[in-house]
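One structure is given here, and the rest of the page talks about it.
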Amino acid sequence: MRSTMMPVQLSTNQILDRAGAYFGEQTVLGRLPDKSTYRRSYREIHRRARQLAQALRDKAGIGRGEAVATMSWNHAWHLECYFGIPAAGAVLHTLNLRLSPEDIAYIMDDAEDRVLIVDDVLLPVWERVSPLLKKGQPRVIVVPFGGGALPAGSENYEAFIAGDASGYVYPEQDENEAVGMCYTSGTTGRPKGVVYSHRSMVLHAITGCIPDLFALSARDQVMMVTPMFHANAWAVPFSAMMVGAGQILPGPHLGGEDLLDLMEEGGTTMALGVPTIWMMVWQSLSNPTRERKLVKGMRMLVGGAAVPTSMIANFASHDMHIVQGWGMTETSPLGSVPVLKPAHQALPDTDRHALRAMQGIATPFVEMRIVDEAEGLQPWDGKSSGEVQVRGPWVTGAYHATPNDPAKFTADGWLRTGDIGTIDPEGYMRLVDRSKDMIKSGGEWISSVELENLVMGHPAVAEAAVVAIGHPKWGERPLVVAVKRPGGEVDGAALRAFLAPKLARFQLPDDYEFVEAIPKTATGKFLKTRMREMYRERVSQSA
Ligand code: ADP
């Protein structure tokens with residue numbers, strides 16, 4: 001029997017129109033580079049996103065499925081791009097402005113970005129990327145975020161979108177067409193593109209609103225500290241617009257005091273960001289310069305890296321409640337969350353906080369399993385560990401313009417996450433290690449392998465291995481463990497100076513250790529598990 005339901009295709013345009021029709025008074029509260037604040041209503045966002053779509057189609061000749069890049073902080077213009085680019089039938093490609101110019105150029109070439117929408121304050125980054133592009137230059141449209149005069153010859157976003165778009169008609173699209181893309185950093189090789197569909201984005205946005213995830217409603221004010229260039233800011237811009245929740249966008253000001261000020265001003269009920277951000281907020285909260293008037297019982301979705309139990313307990317003592325989320329760019333990103341069941345409600349606080357520090361149970365529609373390379377599928381006993389593998393309607397099944405990689409997908413179609421975990425009898429996953437050789441510092445990736453290759457390029461270094469060590473603010477930092485060549489003269493400061501011009505600032509190691517030999521496996525690979533054990537207690541000296 002066939003269903004009698006209408007074959008309406010899911011689209012982010014429906015979310016935009018709903019916000020415009022029913023929540024026009026709702027606002028974005030944002031902070032400009034000079035720290036002043038502004039508000040823009042959803043009515044304006046709706047109108048301006050449609051103007052952007054029309055201009056992309058008529059002035060830039062952008063067609064369905066073509067990529068339009070953004071290089072922007074979190075602000076109202078970026079939110080317009082989130083909806084206006086897909087409304088043109090095009091693909092929203094958010095660029096991670098913290099990557100090296102080489103990586104950004106590679107990514108833009110790979111995505112074949114036809115237009116770049118860039119903040120005026122980020123033009124210095126763009127100027128270093130532009131000469132490295134191999135496949136031609138995009139049309140560049142500059143957002144007057146900083147408010148000053150734009151450099152001569154640049155095309156102003158405001159002039160570009162000017163015009164009446166009240167009659168603009170969205171292109172008809174299949175829900176499986178691309179809506180956006182993000183790149184993930186690989187352990188080895190170049191970043192790879194993950195392409196989301198209208199269908200995956202809408203389903204993910206709906207699921208994100210359930211009470212055990214973001215619990216978003218029209219009465220919420222959501223502060224998005226997670227960069228909008230990271231996995232669609234966990235797709236919360238879509239969820240918030242869909243239900244009519246307000247959004248609070250901090251721009252480039254991510255310090256603890258600035259965030260707390262903005263949280264207060266906007267009456268924040270829900271906030272999201274990586275643990276490093278909340279570490280800074282906690283420092284400000286625990287050394288108050290003045291009494292804070294935060295909304296009672298506010299929620300925080302914290303993910304992207306492990307959330308310490310102490311952080312959950314600390315914030316709970318201020319009536320601020322952390323929900324941890326596990327996920328990846330490849331999973332849109334919502335993969336799992338530690339949902340508290342009725343029996344957990346009666347547990348003492350410490351046990352509940354410990355539960356909240358687990359990565360949790362799979363979100364609806366996502367399936368999760370753990371697989372050991374030698375022993376296969378592992379039982380849910382809370383002890384047996386293996387690689388976490390997932391599949392679901394918002395989990396990527398391939399990478400853009402890349403042949404299918406057996407290291408990333410299993411023969412039976414699951415994504416190999418490169419995270420190692422256990423699952424307990426109730427289904428709660430806990431991460432115990434990482435098989436991908438990466439370091440996550442303040443929510444951004446650093447590739448160990450890339451660092452090792454660079455360090456081994458120094459003439460006085462015979463070999464070098466890089467492992468993650470702990471850091472109270474950044475979570476993890478890289479430790480370079482190096483063996484000198486016979487007669488080689490080098491120290492940490494010299495290596496750091498050698499690496500500095502080759503790396504983005506956050507990737508530059510501050511910790512160096514010189515040893516006689518690096519532990520190796522039988523086949524001669526660095527024995528990273530052993531090394532992580534050796535340096536487990538070491539704390540990074542990074543600022
Ligand atoms: P994002 O941009 O959302 O940080 P990435 O794809 O860059 O996504 O990173 C995903 C990886 O980050 C995961 O595979 C895992 O290693 C780590 N990660 C994400 N969330 C958590 C978490 N809650 N706890 C521990 N590690 C996490």
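Order determines the names: the first chain of the structure tokens is A, the second B, and so forth; residues in each chain are numbered 1 upward, and ligands are numbered 1 upward as they are shown.
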Each residue of chain A with at least one atom at most 6 Å from ligand 1 should appear once, together with its nearest atom pair and the corresponding distance in Å (one decimal); atoms considered: only C-alpha atoms and all ligand atoms; ordering: chain, then increasing residue number; output as JSON lines.
{"residue": "A:Thr184", "atom": "CA", "partner": "ligand 1", "partner_atom_place_in_ligand_line": "6 (O)", "distance": 5.7}
{"residue": "A:His230", "atom": "CA", "partner": "ligand 1", "partner_atom_place_in_ligand_line": "2 (O)", "distance": 4.5}
{"residue": "A:Ala231", "atom": "CA", "partner": "ligand 1", "partner_atom_place_in_ligand_line": "2 (O)", "distance": 5.0}
{"residue": "A:Gly303", "atom": "CA", "partner": "ligand 1", "partner_atom_place_in_ligand_line": "23 (N)", "distance": 4.2}
{"residue": "A:Gly304", "atom": "CA", "partner": "ligand 1", "partner_atom_place_in_ligand_line": "19 (C)", "distance": 3.4}
{"residue": "A:Ala305", "atom": "CA", "partner": "ligand 1", "partner_atom_place_in_ligand_line": "27 (C)", "distance": 3.7}
{"residue": "A:Ala306", "atom": "CA", "partner": "ligand 1", "partner_atom_place_in_ligand_line": "24 (N)", "distance": 3.4}
{"residue": "A:Gln324", "atom": "CA", "partner": "ligand 1", "partner_atom_place_in_ligand_line": "23 (N)", "distance": 5.7}
{"residue": "A:Gly325", "atom": "CA", "partner": "ligand 1", "partner_atom_place_in_ligand_line": "23 (N)", "distance": 4.8}
{"residue": "A:Trp326", "atom": "CA", "partner": "ligand 1", "partner_atom_place_in_ligand_line": "20 (N)", "distance": 3.7}
{"residue": "A:Gly327", "atom": "CA", "partner": "ligand 1", "partner_atom_place_in_ligand_line": "19 (C)", "distance": 4.8}
{"residue": "A:Met328", "atom": "CA", "partner": "ligand 1", "partner_atom_place_in_ligand_line": "6 (O)", "distance": 3.6}
{"residue": "A:Thr329", "atom": "CA", "partner": "ligand 1", "partner_atom_place_in_ligand_line": "6 (O)", "distance": 3.8}
{"residue": "A:Pro333", "atom": "CA", "partner": "ligand 1", "partner_atom_place_in_ligand_line": "3 (O)", "distance": 5.8}
{"residue": "A:Gln359", "atom": "CA", "partner": "ligand 1", "partner_atom_place_in_ligand_line": "23 (N)", "distance": 5.5}
{"residue": "A:Thr417", "atom": "CA", "partner": "ligand 1", "partner_atom_place_in_ligand_line": "14 (O)", "distance": 5.6}
{"residue": "A:Asp419", "atom": "CA", "partner": "ligand 1", "partner_atom_place_in_ligand_line": "16 (O)", "distance": 5.4}
{"residue": "A:Gly443", "atom": "CA", "partner": "ligand 1", "partner_atom_place_in_ligand_line": "4 (O)", "distance": 5.7}
Practice task
Run DSSP on the backbone and grab whatever in stretch 106-333 of chain A lands in alpha helix (DSSP H); send it over as a ChimeraX atom specification.
Solution key: /A:106-111,123-129,157-161,198-208,236-243,256-266,275-286,309-316
Problem - Nearby residues (only C-alpha atoms) at most 10 Å from A:Ala162, same-chain spacing under 2 positions excluded, as a ChimeraX atom specification - result: /A:48,51-52,54-55,157-160,164-165
File dump, residues just selected, N, CA, C and O atoms, as a PDB file, in the first residue's frame:
ATOM      1  N   ARG A  48      16.199  39.682   4.546  1.00  0.00           N
ATOM      2  CA  ARG A  48      17.553  39.866   4.025  1.00  0.00           C
ATOM      3  C   ARG A  48      18.137  38.552   3.491  1.00  0.00           C
ATOM      4  O   ARG A  48      18.896  38.556   2.522  1.00  0.00           O
ATOM      5  N   GLN A  51      16.808  38.294   0.132  1.00  0.00           N
ATOM      6  CA  GLN A  51      17.512  39.228  -0.760  1.00  0.00           C
ATOM      7  C   GLN A  51      18.866  38.661  -1.174  1.00  0.00           C
ATOM      8  O   GLN A  51      19.279  38.776  -2.328  1.00  0.00           O
ATOM      9  N   LEU A  52      19.558  38.058  -0.200  1.00  0.00           N
ATOM     10  CA  LEU A  52      20.860  37.449  -0.514  1.00  0.00           C
ATOM     11  C   LEU A  52      20.681  36.353  -1.564  1.00  0.00           C
ATOM     12  O   LEU A  52      21.454  36.268  -2.535  1.00  0.00           O
ATOM     13  N   GLN A  54      18.354  36.010  -3.807  1.00  0.00           N
ATOM     14  CA  GLN A  54      18.042  36.590  -5.112  1.00  0.00           C
ATOM     15  C   GLN A  54      19.296  37.184  -5.764  1.00  0.00           C
ATOM     16  O   GLN A  54      19.538  37.012  -6.959  1.00  0.00           O
ATOM     17  N   ALA A  55      20.109  37.872  -4.937  1.00  0.00           N
ATOM     18  CA  ALA A  55      21.333  38.482  -5.475  1.00  0.00           C
ATOM     19  C   ALA A  55      22.315  37.403  -5.934  1.00  0.00           C
ATOM     20  O   ALA A  55      22.976  37.552  -6.971  1.00  0.00           O
ATOM     21  N   TYR A 157      28.586  43.803   1.041  1.00  0.00           N
ATOM     22  CA  TYR A 157      27.456  42.878   1.199  1.00  0.00           C
ATOM     23  C   TYR A 157      26.121  43.618   1.157  1.00  0.00           C
ATOM     24  O   TYR A 157      25.163  43.167   0.528  1.00  0.00           O
ATOM     25  N   GLU A 158      26.076  44.786   1.826  1.00  0.00           N
ATOM     26  CA  GLU A 158      24.811  45.519   1.893  1.00  0.00           C
ATOM     27  C   GLU A 158      24.367  45.969   0.497  1.00  0.00           C
ATOM     28  O   GLU A 158      23.186  45.883   0.157  1.00  0.00           O
ATOM     29  N   ALA A 159      25.324  46.429  -0.302  1.00  0.00           N
ATOM     30  CA  ALA A 159      24.974  46.854  -1.666  1.00  0.00           C
ATOM     31  C   ALA A 159      24.595  45.631  -2.499  1.00  0.00           C
ATOM     32  O   ALA A 159      23.664  45.679  -3.319  1.00  0.00           O
ATOM     33  N   PHE A 160      25.301  44.533  -2.264  1.00  0.00           N
ATOM     34  CA  PHE A 160      25.051  43.313  -3.038  1.00  0.00           C
ATOM     35  C   PHE A 160      23.626  42.805  -2.821  1.00  0.00           C
ATOM     36  O   PHE A 160      22.939  42.411  -3.772  1.00  0.00           O
ATOM     37  N   ASP A 164      14.428  44.509  -3.848  1.00  0.00           N
ATOM     38  CA  ASP A 164      13.189  43.934  -3.325  1.00  0.00           C
ATOM     39  C   ASP A 164      13.126  42.450  -3.693  1.00  0.00           C
ATOM     40  O   ASP A 164      13.115  42.105  -4.875  1.00  0.00           O
ATOM     41  N   ALA A 165      13.087  41.599  -2.686  1.00  0.00           N
ATOM     42  CA  ALA A 165      13.026  40.159  -2.966  1.00  0.00           C
ATOM     43  C   ALA A 165      11.704  39.581  -2.474  1.00  0.00           C
ATOM     44  O   ALA A 165      11.598  38.366  -2.259  1.00  0.00           O
TER      45      ALA A 165
END
Problem - Of the listed residues A:Tyr106, A:Tyr170, A:Glu533, A:Thr331, that which approaches A:Gly84 most closely, counting only C-alpha atoms - result: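 Checking each candidate against A:Gly84, we get A:Tyr170 as the closest.
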Exercise for the section: Determine the nearest neighbour of A:Asp120 from the options A:Thr70, A:Thr350, A:Gln14, A:Thr396, counting only C-alpha atoms. Expected result: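 Comparing A:Thr70, A:Thr350, A:Gln14, A:Thr396 against A:Asp120, the winner is A:Thr70.
The residue set within 6 Å of stretch 273-281 of chain A, counting only C-alpha atoms and dropping same-chain residues fewer than 4 places from it, reads Val225, Thr226, Gly256, Val302, Gly303, Gly304, Gly442, Gly443, Lys473 and Trp474 of chain A.
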Exercise for the section: Can you check which residues of stretch 236-466 of chain A DSSP gives as strand (DSSP E) on the backbone and send them as a VMD selection string? Expected result: chain A and resid 246 to 249 270 to 273 298 to 303 320 to 327 334 to 337 361 to 362 367 to 372 376 to 377 385 to 391 415 to 423 429 to 434 438 to 441 444 to 447 461 to 466
Practice task
Tell me, as an NGL selection string, which residues lie within 12 Å of A:His353, counting only C-alpha atoms; anything in the same chain fewer than 3 positions away does not count.
Solution key: :A and (307-317 or 321-324 or 338-340 or 344-345 or 347-350 or 356-358)
Handout entry: Selection near A:Leu116, 9 Å with only C-alpha atoms, sequence-local residues under 6 positions removed, as a list in words
Key =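 Answer for this query is Val68, Ala69, Thr70, Met71, Pro138, Arg139, Val140, Ile141 and Val142 of chain A.
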Would you mind exporting the chosen residues as a compact mmCIF listing (two decimals), in the first residue's frame, restricted to C-alpha atoms?
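Once everything was written out, this is again.txt:
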# COMPACT_ATOMS: atom_id res chain seq x y z
CA VAL A 68 29.27 29.73 -1.67
CA ALA A 69 31.82 30.10 1.11
CA THR A 70 31.65 32.16 4.30
CA MET A 71 34.62 33.31 6.37
CA PRO A 138 35.76 33.51 -6.21
CA ARG A 139 33.69 36.69 -6.35
CA VAL A 140 34.36 38.33 -2.98
CA ILE A 141 31.60 40.05 -1.02
CA VAL A 142 32.62 41.85 2.15
Exercise for the section: List the neighbours of A:Arg536 out to 8 Å using only C-alpha atoms; skip same-chain residues closer than 4 positions along the sequence, and give me the result as number ranges by chain. Expected result: A: 469-470, 532
Practice task
Provide the atom CA of A:Ser197 to atom CA of A:Arg416 distance in Å, to one decimal place.
Solution key: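 Rounded to one decimal, the two atoms are 20.4 Å apart.
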Practice task
Pick out the closest residue to A:Trp73 from this set: A:Arg299, A:Arg2, A:His253, A:Arg538. Count only C-alpha atoms.
Solution key: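 Closest candidate: A:His253.
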Exercise for the section: Have a look at atom CA of A:Ser217 and atom CA of A:Gln9 and let me know their distance in Å, one decimal. Expected result: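 Spanning atom CA of A:Ser217 to atom CA of A:Gln9 is a straight-line distance of 23.9 Å.
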Problem - Interatomic distance (Å, one decimal) between atom CA of A:Leu254 and atom CA of A:Leu92 - result: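 Pair atom CA of A:Leu254 / atom CA of A:Leu92 returns 24.1 Å.
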